[in-house]
Amino acid sequence: MSDARVHRTVHQVIAAAPAGVLYGLIADATRWPLFFPPCVHVEQLDFQGTRERLRMWATSGDVVTSWISNRRLDVQRLRVEFTMDQPTAPTRSASGVWTVEPLGDRSRVTLEHSFTASGDDPADAAWADEVTAANSSVQLGLARVAERWTRLDDLVWSFEDTLHVNAPAELIFDFLYRADDWPAELPHVARLDLVEDEPGVQVMSMGSLSIDGSAHSTESVRICFPGAQRIVYKQIRTSPLFAAHAGEWSIEPDETGVNLIARHHVLLDEDNIERVLGEGTDAVAAGHHAREALGQAGLSVLRYATRYALGSVRVL
């Protein structure tokens, strides 16, 4: 390993945004599914002040990949260092650093990568370099998000709805997990195709009706955690109102039953708001519309999941 050639790449972009805003977006990786199209979910496994350990899932073509990243956060130097555990072959090792440099009313973001290739094969190194360049281009797109920093509070919405029930948590999770059965169980779902090539990682295509009766199609990647009774998801094809939509189904038992929670995180597509909702609609009104529509849809699924669970208990 010590004899392997280390390949280094450097990519930069200038953003019309304060350095602190850019650093904040880089440092808070759990929000990356809203800002990076390939990013599906980021789970913080450990956090100790300036150091954290993350499990990350992302799409790569038609494949969902996952890895662990160790990061060191340096807010004083506006710098985030990272090292990947067991990167995807043929990459043998991978690390890098984000650096933000203030330039008056603008900022320079630099993303550096260092990697070695298995066997130091030139073809593998060229492939890794190409993938790194493509990923860097996507990640540096964060600069375009940062340039809307004065409007982000109106464009990014997070909310949740909770339904408290006295029903078996395992059967409710079973309903949420077996989404390929939803067309027979949920009246608003007309079509659903689900593929699970890797246990717990589902790719789902769904045709459904909105609360206003209009038909629409979505595609999602779902990461399922049966032990924790959680399913997180990212829509990779979503409503035109959203630039991104991620969410979570969570089941949390208490002393009197279970709390069923539907969480949503959305980034509004600023350019589509008036086209979708009508002339004169601003981001705040669009956010309230999204909150109402997604909230009702999520609660509807949870009510049907509860009905399924209670019906299964009566059959047993």
# chains A, B, ... in the order shown; residues from 1 in each chain; ligands from 1

call {"tool": "residues_around", "arguments": {"residues": "segment 298-304 of chain A", "least_positions_apart": "4", "cutoff": "7 Å", "atoms": "only C-alpha atoms", "output": "ChimeraX atom specification"}}
result
/A:161,260,262,294,308

call {"tool": "closest_atom_pairs", "arguments": {"of": "segment 102-182 of chain A", "to": "segment 238-252 of chain A", "cutoff": "12 Å", "atoms": "only C-alpha atoms", "output": "JSON lines"}}
result
{"residue": "A:Val145", "atom": "CA", "partner": "A:Ala243", "partner_atom": "CA", "distance": 11.0}
{"residue": "A:Leu155", "atom": "CA", "partner": "A:Phe242", "partner_atom": "CA", "distance": 9.4}
{"residue": "A:Val156", "atom": "CA", "partner": "A:Ala244", "partner_atom": "CA", "distance": 9.4}
{"residue": "A:Trp157", "atom": "CA", "partner": "A:His245", "partner_atom": "CA", "distance": 9.6}
{"residue": "A:Ser158", "atom": "CA", "partner": "A:Gly247", "partner_atom": "CA", "distance": 9.1}
{"residue": "A:Phe159", "atom": "CA", "partner": "A:Gly247", "partner_atom": "CA", "distance": 9.5}
{"residue": "A:Glu160", "atom": "CA", "partner": "A:Glu248", "partner_atom": "CA", "distance": 9.1}
{"residue": "A:Asp161", "atom": "CA", "partner": "A:Trp249", "partner_atom": "CA", "distance": 10.2}
{"residue": "A:Thr162", "atom": "CA", "partner": "A:Ser250", "partner_atom": "CA", "distance": 9.4}
{"residue": "A:Leu163", "atom": "CA", "partner": "A:Ile251", "partner_atom": "CA", "distance": 9.8}
{"residue": "A:His164", "atom": "CA", "partner": "A:Glu252", "partner_atom": "CA", "distance": 9.5}
{"residue": "A:Val165", "atom": "CA", "partner": "A:Ile251", "partner_atom": "CA", "distance": 10.4}
{"residue": "A:Asn166", "atom": "CA", "partner": "A:Glu252", "partner_atom": "CA", "distance": 11.7}
{"residue": "A:Ala167", "atom": "CA", "partner": "A:Ile251", "partner_atom": "CA", "distance": 11.0}
{"residue": "A:Pro168", "atom": "CA", "partner": "A:Ile251", "partner_atom": "CA", "distance": 10.2}
{"residue": "A:Ala169", "atom": "CA", "partner": "A:Ile251", "partner_atom": "CA", "distance": 6.7}
{"residue": "A:Glu170", "atom": "CA", "partner": "A:Ile251", "partner_atom": "CA", "distance": 9.0}
{"residue": "A:Leu171", "atom": "CA", "partner": "A:Ile251", "partner_atom": "CA", "distance": 10.8}
{"residue": "A:Ile172", "atom": "CA", "partner": "A:Ile251", "partner_atom": "CA", "distance": 8.2}
{"residue": "A:Phe173", "atom": "CA", "partner": "A:Ile251", "partner_atom": "CA", "distance": 7.4}
{"residue": "A:Asp174", "atom": "CA", "partner": "A:Ile251", "partner_atom": "CA", "distance": 11.2}
{"residue": "A:Phe175", "atom": "CA", "partner": "A:Trp249", "partner_atom": "CA", "distance": 11.2}
{"residue": "A:Leu176", "atom": "CA", "partner": "A:Trp249", "partner_atom": "CA", "distance": 7.8}
{"residue": "A:Tyr177", "atom": "CA", "partner": "A:Trp249", "partner_atom": "CA", "distance": 9.7}

call {"tool": "closest_atom_pairs", "arguments": {"of": "segment 100-186 of chain A", "to": "segment 82-85 of chain A", "cutoff": "12 Å", "atoms": "only C-alpha atoms", "output": "Markdown table"}}
result
| residue | atom | partner | partner_atom | distance |
| --- | --- | --- | --- | --- |
| A:Leu111 | CA | A:Phe82 | CA | 10.8 |
| A:Glu112 | CA | A:Phe82 | CA | 10.1 |
| A:His113 | CA | A:Phe82 | CA | 9.3 |
| A:Ser114 | CA | A:Thr83 | CA | 9.4 |
| A:Phe115 | CA | A:Met84 | CA | 9.9 |
| A:Thr116 | CA | A:Met84 | CA | 11.9 |

call {"tool": "closest_atom_pairs", "arguments": {"of": "segment 66-99 of chain A", "to": "segment 33-48 of chain A", "cutoff": "12 Å", "atoms": "only C-alpha atoms", "output": "JSON lines"}}
result
{"residue": "A:Ser66", "atom": "CA", "partner": "A:His41", "partner_atom": "CA", "distance": 9.4}
{"residue": "A:Trp67", "atom": "CA", "partner": "A:Val42", "partner_atom": "CA", "distance": 10.0}
{"residue": "A:Ile68", "atom": "CA", "partner": "A:Leu45", "partner_atom": "CA", "distance": 9.2}
{"residue": "A:Ser69", "atom": "CA", "partner": "A:Gln44", "partner_atom": "CA", "distance": 9.7}
{"residue": "A:Asn70", "atom": "CA", "partner": "A:Asp46", "partner_atom": "CA", "distance": 9.4}
{"residue": "A:Arg71", "atom": "CA", "partner": "A:Phe47", "partner_atom": "CA", "distance": 9.5}
{"residue": "A:Arg72", "atom": "CA", "partner": "A:Gln48", "partner_atom": "CA", "distance": 9.6}
{"residue": "A:Leu73", "atom": "CA", "partner": "A:Gln48", "partner_atom": "CA", "distance": 10.2}

call {"tool": "select_by_dssp", "arguments": {"residues": "segment 72-194 of chain A", "states": "helix (DSSP H, G or I)", "output": "VMD selection string"}}
result
chain A and resid 118 to 120 122 to 139 142 to 146 152 to 155 169 to 177 179 to 185

call {"tool": "select_by_dssp", "arguments": {"residues": "segment 76-174 of chain A", "states": "strand (DSSP E)", "output": "short mmCIF file (atom, residue, chain, number, x, y, z; two decimals) with all heavy atoms, in the first residue's frame"}}
result
data_model
loop_
_atom_site.label_atom_id
_atom_site.label_comp_id
_atom_site.auth_asym_id
_atom_site.auth_seq_id
_atom_site.Cartn_x
_atom_site.Cartn_y
_atom_site.Cartn_z
N ARG A 79 -12.47 24.53 6.99
CA ARG A 79 -11.84 23.37 6.34
C ARG A 79 -12.49 22.09 6.87
O ARG A 79 -12.75 21.96 8.08
CB ARG A 79 -10.35 23.39 6.66
CG ARG A 79 -9.50 22.27 6.11
CD ARG A 79 -8.07 22.49 6.58
NE ARG A 79 -7.20 21.38 6.21
CZ ARG A 79 -6.46 21.35 5.12
NH1 ARG A 79 -6.48 22.39 4.28
NH2 ARG A 79 -5.68 20.32 4.85
N VAL A 80 -12.78 21.15 5.99
CA VAL A 80 -13.32 19.85 6.37
C VAL A 80 -12.49 18.77 5.69
O VAL A 80 -12.44 18.69 4.46
CB VAL A 80 -14.80 19.69 5.96
CG1 VAL A 80 -15.30 18.29 6.32
CG2 VAL A 80 -15.67 20.75 6.63
N GLU A 81 -11.81 17.94 6.48
CA GLU A 81 -11.02 16.83 5.96
C GLU A 81 -11.84 15.55 6.04
O GLU A 81 -12.61 15.36 6.98
CB GLU A 81 -9.73 16.69 6.77
CG GLU A 81 -8.84 17.92 6.75
CD GLU A 81 -7.65 17.78 7.69
OE1 GLU A 81 -7.50 16.70 8.31
OE2 GLU A 81 -6.90 18.76 7.83
N PHE A 82 -11.65 14.65 5.08
CA PHE A 82 -12.40 13.40 5.10
C PHE A 82 -11.54 12.25 4.59
O PHE A 82 -10.63 12.43 3.77
CB PHE A 82 -13.68 13.50 4.27
CG PHE A 82 -13.45 13.85 2.82
CD1 PHE A 82 -13.26 12.87 1.86
CD2 PHE A 82 -13.43 15.19 2.40
CE1 PHE A 82 -13.05 13.19 0.53
CE2 PHE A 82 -13.22 15.53 1.07
CZ PHE A 82 -13.04 14.52 0.13
N THR A 83 -11.84 11.06 5.11
CA THR A 83 -11.19 9.82 4.68
C THR A 83 -12.27 8.76 4.54
O THR A 83 -13.10 8.59 5.44
CB THR A 83 -10.15 9.34 5.70
OG1 THR A 83 -9.17 10.37 5.90
CG2 THR A 83 -9.45 8.08 5.20
N MET A 84 -12.26 8.05 3.43
CA MET A 84 -13.25 7.00 3.20
C MET A 84 -12.74 5.66 3.71
O MET A 84 -11.59 5.30 3.48
CB MET A 84 -13.57 6.88 1.71
CG MET A 84 -14.30 8.06 1.13
SD MET A 84 -14.54 7.91 -0.68
CE MET A 84 -15.51 6.39 -0.75
N ASP A 85 -13.59 4.94 4.42
CA ASP A 85 -13.30 3.55 4.78
C ASP A 85 -13.70 2.65 3.62
O ASP A 85 -14.83 2.76 3.11
CB ASP A 85 -14.10 3.13 6.02
CG ASP A 85 -13.55 3.70 7.30
OD1 ASP A 85 -12.54 4.44 7.23
OD2 ASP A 85 -14.12 3.42 8.37
N THR A 91 -10.70 1.62 -6.52
CA THR A 91 -10.02 2.57 -5.65
C THR A 91 -9.61 1.86 -4.36
O THR A 91 -10.40 1.17 -3.74
CB THR A 91 -10.94 3.76 -5.32
OG1 THR A 91 -11.40 4.35 -6.54
CG2 THR A 91 -10.19 4.80 -4.51
N ARG A 92 -8.34 2.05 -3.98
CA ARG A 92 -7.81 1.35 -2.82
C ARG A 92 -7.88 2.20 -1.56
O ARG A 92 -8.13 1.71 -0.46
CB ARG A 92 -6.37 0.93 -3.10
CG ARG A 92 -5.76 -0.03 -2.13
CD ARG A 92 -4.42 -0.50 -2.66
NE ARG A 92 -3.76 -1.40 -1.75
CZ ARG A 92 -2.56 -1.94 -1.96
NH1 ARG A 92 -1.92 -1.65 -3.10
NH2 ARG A 92 -2.02 -2.75 -1.09
N SER A 93 -7.63 3.49 -1.71
CA SER A 93 -7.75 4.43 -0.60
C SER A 93 -8.22 5.76 -1.16
O SER A 93 -7.97 6.08 -2.32
CB SER A 93 -6.41 4.60 0.13
OG SER A 93 -5.47 5.24 -0.71
N ALA A 94 -8.93 6.52 -0.34
CA ALA A 94 -9.44 7.81 -0.81
C ALA A 94 -9.58 8.76 0.37
O ALA A 94 -10.07 8.38 1.44
CB ALA A 94 -10.79 7.64 -1.51
N SER A 95 -9.13 9.98 0.19
CA SER A 95 -9.26 11.01 1.21
C SER A 95 -9.32 12.36 0.51
O SER A 95 -9.16 12.45 -0.71
CB SER A 95 -8.09 10.97 2.19
OG SER A 95 -6.87 11.21 1.51
N GLY A 96 -9.55 13.40 1.28
CA GLY A 96 -9.62 14.71 0.66
C GLY A 96 -9.90 15.81 1.66
O GLY A 96 -9.96 15.57 2.88
N VAL A 97 -10.10 17.01 1.15
CA VAL A 97 -10.36 18.15 2.01
C VAL A 97 -11.17 19.20 1.26
O VAL A 97 -10.93 19.44 0.07
CB VAL A 97 -9.04 18.74 2.55
CG1 VAL A 97 -8.12 19.16 1.42
CG2 VAL A 97 -9.30 19.91 3.49
N TRP A 98 -12.15 19.76 1.95
CA TRP A 98 -12.87 20.94 1.48
C TRP A 98 -12.22 22.16 2.15
O TRP A 98 -11.98 22.15 3.36
CB TRP A 98 -14.32 20.91 1.93
CG TRP A 98 -15.23 19.89 1.35
CD1 TRP A 98 -15.40 18.60 1.77
CD2 TRP A 98 -16.17 20.08 0.29
NE1 TRP A 98 -16.37 17.97 1.03
CE2 TRP A 98 -16.86 18.87 0.11
CE3 TRP A 98 -16.50 21.16 -0.53
CZ2 TRP A 98 -17.86 18.69 -0.84
CZ3 TRP A 98 -17.48 21.01 -1.48
CH2 TRP A 98 -18.16 19.79 -1.63
N THR A 99 -12.02 23.22 1.39
CA THR A 99 -11.52 24.46 1.95
C THR A 99 -12.32 25.63 1.38
O THR A 99 -12.57 25.68 0.17
CB THR A 99 -10.03 24.68 1.63
OG1 THR A 99 -9.28 23.52 2.03
CG2 THR A 99 -9.48 25.89 2.38
N VAL A 100 -12.74 26.54 2.25
CA VAL A 100 -13.47 27.74 1.82
C VAL A 100 -12.60 28.96 2.11
O VAL A 100 -12.10 29.11 3.23
CB VAL A 100 -14.82 27.87 2.54
CG1 VAL A 100 -15.59 29.08 2.00
CG2 VAL A 100 -15.65 26.60 2.38
N GLU A 101 -12.43 29.81 1.11
CA GLU A 101 -11.60 31.01 1.25
C GLU A 101 -12.44 32.26 0.97
O GLU A 101 -12.99 32.40 -0.11
CB GLU A 101 -10.44 30.94 0.26
CG GLU A 101 -9.53 32.15 0.28
CD GLU A 101 -8.49 32.11 -0.82
OE1 GLU A 101 -8.42 31.09 -1.55
OE2 GLU A 101 -7.75 33.11 -0.96
N PRO A 102 -12.56 33.16 1.95
CA PRO A 102 -13.32 34.40 1.72
C PRO A 102 -12.65 35.29 0.68
O PRO A 102 -11.43 35.45 0.68
CB PRO A 102 -13.32 35.08 3.09
CG PRO A 102 -12.89 34.03 4.06
CD PRO A 102 -12.02 33.08 3.31
N LEU A 103 -13.45 35.86 -0.22
CA LEU A 103 -12.96 36.77 -1.25
C LEU A 103 -13.87 38.00 -1.28
O LEU A 103 -14.59 38.24 -2.24
CB LEU A 103 -12.95 36.10 -2.62
CG LEU A 103 -12.08 34.85 -2.79
CD1 LEU A 103 -12.33 34.23 -4.16
CD2 LEU A 103 -10.61 35.17 -2.60
N ARG A 106 -17.55 37.40 -2.11
CA ARG A 106 -17.58 36.07 -2.74
C ARG A 106 -16.68 35.12 -1.96
O ARG A 106 -16.02 35.51 -1.00
CB ARG A 106 -17.13 36.16 -4.20
CG ARG A 106 -18.01 37.08 -5.05
CD ARG A 106 -17.68 36.93 -6.53
NE ARG A 106 -16.27 37.26 -6.81
CZ ARG A 106 -15.67 36.99 -7.96
NH1 ARG A 106 -16.33 36.38 -8.93
NH2 ARG A 106 -14.41 37.33 -8.16
N SER A 107 -16.67 33.87 -2.39
CA SER A 107 -15.85 32.85 -1.72
C SER A 107 -15.33 31.86 -2.76
O SER A 107 -16.00 31.58 -3.75
CB SER A 107 -16.66 32.10 -0.66
OG SER A 107 -17.23 32.99 0.28
N ARG A 108 -14.15 31.35 -2.48
CA ARG A 108 -13.60 30.27 -3.31
C ARG A 108 -13.72 28.96 -2.54
O ARG A 108 -13.30 28.86 -1.39
CB ARG A 108 -12.14 30.53 -3.67
CG ARG A 108 -11.52 29.35 -4.47
CD ARG A 108 -10.03 29.55 -4.73
NE ARG A 108 -9.78 30.64 -5.66
CZ ARG A 108 -9.17 31.77 -5.35
NH1 ARG A 108 -8.76 31.98 -4.09
NH2 ARG A 108 -8.98 32.71 -6.25
N VAL A 109 -14.30 27.95 -3.18
CA VAL A 109 -14.41 26.62 -2.59
C VAL A 109 -13.46 25.70 -3.35
O VAL A 109 -13.53 25.59 -4.58
CB VAL A 109 -15.84 26.06 -2.68
CG1 VAL A 109 -15.93 24.74 -1.93
CG2 VAL A 109 -16.83 27.05 -2.11
N THR A 110 -12.58 25.04 -2.62
CA THR A 110 -11.62 24.10 -3.21
C THR A 110 -11.90 22.70 -2.66
O THR A 110 -12.04 22.52 -1.45
CB THR A 110 -10.18 24.49 -2.87
OG1 THR A 110 -9.93 25.82 -3.33
CG2 THR A 110 -9.19 23.54 -3.53
N LEU A 111 -12.01 21.75 -3.56
CA LEU A 111 -12.23 20.35 -3.18
C LEU A 111 -11.07 19.52 -3.71
O LEU A 111 -10.89 19.39 -4.92
CB LEU A 111 -13.57 19.85 -3.75
CG LEU A 111 -13.94 18.39 -3.46
CD1 LEU A 111 -13.91 18.08 -1.98
CD2 LEU A 111 -15.32 18.08 -4.05
N GLU A 112 -10.26 19.00 -2.79
CA GLU A 112 -9.10 18.20 -3.16
C GLU A 112 -9.35 16.73 -2.84
O GLU A 112 -9.95 16.41 -1.82
CB GLU A 112 -7.87 18.69 -2.38
CG GLU A 112 -7.55 20.17 -2.56
CD GLU A 112 -6.42 20.61 -1.65
OE1 GLU A 112 -5.33 20.01 -1.73
OE2 GLU A 112 -6.65 21.54 -0.85
N HIS A 113 -8.88 15.87 -3.72
CA HIS A 113 -8.97 14.42 -3.50
C HIS A 113 -7.59 13.80 -3.65
O HIS A 113 -6.80 14.21 -4.52
CB HIS A 113 -9.90 13.76 -4.52
CG HIS A 113 -11.35 13.98 -4.26
ND1 HIS A 113 -12.05 15.03 -4.80
CD2 HIS A 113 -12.25 13.28 -3.50
CE1 HIS A 113 -13.32 14.97 -4.40
NE2 HIS A 113 -13.47 13.93 -3.61
N SER A 114 -7.32 12.79 -2.85
CA SER A 114 -6.13 11.96 -2.99
C SER A 114 -6.59 10.51 -2.98
O SER A 114 -7.39 10.12 -2.13
CB SER A 114 -5.15 12.19 -1.83
OG SER A 114 -4.74 13.55 -1.78
N PHE A 115 -6.09 9.71 -3.92
CA PHE A 115 -6.51 8.31 -3.97
C PHE A 115 -5.41 7.44 -4.56
O PHE A 115 -4.52 7.92 -5.27
CB PHE A 115 -7.81 8.15 -4.77
CG PHE A 115 -7.69 8.53 -6.22
CD1 PHE A 115 -7.29 7.59 -7.18
CD2 PHE A 115 -7.99 9.81 -6.65
CE1 PHE A 115 -7.19 7.94 -8.53
CE2 PHE A 115 -7.89 10.17 -7.98
CZ PHE A 115 -7.49 9.24 -8.92
N THR A 116 -5.50 6.16 -4.23
CA THR A 116 -4.65 5.15 -4.85
C THR A 116 -5.54 4.11 -5.51
O THR A 116 -6.68 3.90 -5.08
CB THR A 116 -3.73 4.47 -3.83
OG1 THR A 116 -4.53 3.82 -2.83
CG2 THR A 116 -2.81 5.48 -3.15
N ALA A 117 -5.01 3.47 -6.56
CA ALA A 117 -5.77 2.45 -7.29
C ALA A 117 -5.19 1.07 -7.02
O ALA A 117 -3.98 0.92 -6.81
CB ALA A 117 -5.72 2.75 -8.78
N VAL A 156 -36.19 25.77 1.79
CA VAL A 156 -35.97 24.49 2.46
C VAL A 156 -37.01 24.33 3.57
O VAL A 156 -37.12 25.18 4.46
CB VAL A 156 -34.56 24.39 3.04
CG1 VAL A 156 -34.40 23.09 3.83
CG2 VAL A 156 -33.51 24.46 1.93
N TRP A 157 -37.75 23.23 3.51
CA TRP A 157 -38.81 22.97 4.50
C TRP A 157 -38.62 21.57 5.09
O TRP A 157 -38.39 20.61 4.36
CB TRP A 157 -40.19 23.06 3.84
CG TRP A 157 -40.57 24.45 3.43
CD1 TRP A 157 -40.02 25.19 2.42
CD2 TRP A 157 -41.56 25.27 4.04
NE1 TRP A 157 -40.62 26.42 2.36
CE2 TRP A 157 -41.57 26.50 3.34
CE3 TRP A 157 -42.45 25.09 5.10
CZ2 TRP A 157 -42.43 27.54 3.67
CZ3 TRP A 157 -43.32 26.12 5.43
CH2 TRP A 157 -43.30 27.33 4.72
N SER A 158 -38.72 21.48 6.41
CA SER A 158 -38.69 20.20 7.10
C SER A 158 -39.87 20.16 8.08
O SER A 158 -40.11 21.14 8.80
CB SER A 158 -37.38 20.01 7.87
OG SER A 158 -36.28 19.90 6.99
N PHE A 159 -40.58 19.05 8.08
CA PHE A 159 -41.74 18.93 8.97
C PHE A 159 -42.05 17.46 9.19
O PHE A 159 -41.54 16.59 8.48
CB PHE A 159 -42.96 19.66 8.38
CG PHE A 159 -43.23 19.36 6.93
CD1 PHE A 159 -44.02 18.29 6.57
CD2 PHE A 159 -42.68 20.16 5.93
CE1 PHE A 159 -44.27 18.00 5.24
CE2 PHE A 159 -42.93 19.88 4.60
CZ PHE A 159 -43.73 18.80 4.25
N GLU A 160 -42.87 17.19 10.17
CA GLU A 160 -43.25 15.82 10.46
C GLU A 160 -44.67 15.78 11.01
O GLU A 160 -45.18 16.76 11.55
CB GLU A 160 -42.29 15.17 11.44
CG GLU A 160 -42.29 15.77 12.84
CD GLU A 160 -41.31 15.08 13.76
OE1 GLU A 160 -40.14 14.88 13.37
OE2 GLU A 160 -41.72 14.75 14.89
N ASP A 161 -45.30 14.61 10.84
CA ASP A 161 -46.63 14.35 11.40
C ASP A 161 -46.55 13.05 12.18
O ASP A 161 -45.89 12.08 11.76
CB ASP A 161 -47.67 14.23 10.28
CG ASP A 161 -47.90 15.55 9.58
OD1 ASP A 161 -48.55 16.43 10.16
OD2 ASP A 161 -47.40 15.71 8.44
N THR A 162 -47.24 13.02 13.31
CA THR A 162 -47.21 11.85 14.19
C THR A 162 -48.62 11.32 14.42
O THR A 162 -49.56 12.09 14.64
CB THR A 162 -46.57 12.20 15.54
OG1 THR A 162 -45.24 12.67 15.34
CG2 THR A 162 -46.53 10.98 16.45
N LEU A 163 -48.75 10.01 14.33
CA LEU A 163 -50.01 9.33 14.61
C LEU A 163 -49.75 8.33 15.73
O LEU A 163 -48.94 7.42 15.57
CB LEU A 163 -50.51 8.62 13.35
CG LEU A 163 -51.86 7.91 13.42
CD1 LEU A 163 -52.97 8.93 13.63
CD2 LEU A 163 -52.11 7.10 12.15
N HIS A 164 -50.42 8.51 16.86
CA HIS A 164 -50.26 7.59 17.99
C HIS A 164 -51.34 6.52 17.92
O HIS A 164 -52.53 6.83 17.86
CB HIS A 164 -50.35 8.33 19.32
CG HIS A 164 -50.08 7.45 20.50
ND1 HIS A 164 -48.80 7.13 20.91
CD2 HIS A 164 -50.92 6.80 21.34
CE1 HIS A 164 -48.87 6.33 21.96
NE2 HIS A 164 -50.15 6.11 22.23
N VAL A 165 -50.92 5.25 17.92
CA VAL A 165 -51.86 4.14 17.80
C VAL A 165 -51.48 3.03 18.77
O VAL A 165 -50.35 2.96 19.25
CB VAL A 165 -51.89 3.58 16.35
CG1 VAL A 165 -52.30 4.66 15.36
CG2 VAL A 165 -50.54 2.98 15.97
#

call {"tool": "closest_residue", "arguments": {"among": "A:Asn135, A:Gln86, A:Arg222, A:Ala58", "to": "Arg178 of chain A", "atoms": "only C-alpha atoms"}}
result
A:Arg222

call {"tool": "atom_distance", "arguments": {"atom1": "atom CA of Trp57 of chain A", "atom2": "atom CA of His289 of chain A"}}
result
29.2 Å

call {"tool": "residues_around", "arguments": {"residues": "Pro183 of chain A", "least_positions_apart": "5", "cutoff": "12 Å", "atoms": "only C-alpha atoms", "output": "ChimeraX atom specification"}}
result
/A:175,178,188-194,205-209,301,304

call {"tool": "decode", "arguments": {"residues": "segment 166-182 of chain A", "atoms": "N, CA and C atoms", "output": "mmCIF file, in the first residue's frame"}}
result
data_model
loop_
_atom_site.group_PDB
_atom_site.id
_atom_site.type_symbol
_atom_site.label_atom_id
_atom_site.label_comp_id
_atom_site.auth_asym_id
_atom_site.auth_seq_id
_atom_site.Cartn_x
_atom_site.Cartn_y
_atom_site.Cartn_z
ATOM 1 N N ASN A 166 -52.421 2.163 19.014
ATOM 2 C CA ASN A 166 -52.172 0.957 19.812
ATOM 3 C C ASN A 166 -52.284 -0.230 18.869
ATOM 4 N N ALA A 167 -51.190 -0.516 18.191
ATOM 5 C CA ALA A 167 -51.143 -1.582 17.198
ATOM 6 C C ALA A 167 -49.731 -2.148 17.167
ATOM 7 N N PRO A 168 -49.565 -3.388 16.684
ATOM 8 C CA PRO A 168 -48.230 -4.010 16.679
ATOM 9 C C PRO A 168 -47.260 -3.268 15.759
ATOM 10 N N ALA A 169 -46.150 -2.799 16.321
ATOM 11 C CA ALA A 169 -45.165 -2.050 15.548
ATOM 12 C C ALA A 169 -44.581 -2.891 14.414
ATOM 13 N N GLU A 170 -44.377 -4.200 14.679
ATOM 14 C CA GLU A 170 -43.758 -5.057 13.661
ATOM 15 C C GLU A 170 -44.637 -5.175 12.423
ATOM 16 N N LEU A 171 -45.951 -5.244 12.612
ATOM 17 C CA LEU A 171 -46.859 -5.366 11.470
ATOM 18 C C LEU A 171 -46.980 -4.047 10.718
ATOM 19 N N ILE A 172 -46.900 -2.941 11.431
ATOM 20 C CA ILE A 172 -46.922 -1.642 10.748
ATOM 21 C C ILE A 172 -45.670 -1.480 9.905
ATOM 22 N N PHE A 173 -44.514 -1.856 10.462
ATOM 23 C CA PHE A 173 -43.274 -1.777 9.679
ATOM 24 C C PHE A 173 -43.358 -2.693 8.461
ATOM 25 N N ASP A 174 -43.944 -3.873 8.637
ATOM 26 C CA ASP A 174 -44.090 -4.811 7.524
ATOM 27 C C ASP A 174 -44.880 -4.169 6.386
ATOM 28 N N PHE A 175 -45.926 -3.443 6.710
ATOM 29 C CA PHE A 175 -46.725 -2.763 5.687
ATOM 30 C C PHE A 175 -45.885 -1.713 4.966
ATOM 31 N N LEU A 176 -45.147 -0.920 5.706
ATOM 32 C CA LEU A 176 -44.327 0.124 5.095
ATOM 33 C C LEU A 176 -43.196 -0.469 4.267
ATOM 34 N N TYR A 177 -42.640 -1.581 4.720
ATOM 35 C CA TYR A 177 -41.520 -2.219 4.023
ATOM 36 C C TYR A 177 -41.976 -2.856 2.713
ATOM 37 N N ARG A 178 -43.117 -3.541 2.741
ATOM 38 C CA ARG A 178 -43.604 -4.250 1.550
ATOM 39 C C ARG A 178 -44.411 -3.294 0.663
ATOM 40 N N ALA A 179 -43.753 -2.254 0.199
ATOM 41 C CA ALA A 179 -44.444 -1.232 -0.585
ATOM 42 C C ALA A 179 -44.954 -1.767 -1.919
ATOM 43 N N ASP A 180 -44.411 -2.881 -2.394
ATOM 44 C CA ASP A 180 -44.911 -3.440 -3.657
ATOM 45 C C ASP A 180 -46.354 -3.941 -3.529
ATOM 46 N N ASP A 181 -46.861 -4.079 -2.300
ATOM 47 C CA ASP A 181 -48.263 -4.459 -2.095
ATOM 48 C C ASP A 181 -49.191 -3.240 -1.994
ATOM 49 N N TRP A 182 -48.644 -2.043 -2.020
ATOM 50 C CA TRP A 182 -49.459 -0.849 -1.801
ATOM 51 C C TRP A 182 -50.588 -0.650 -2.821
#
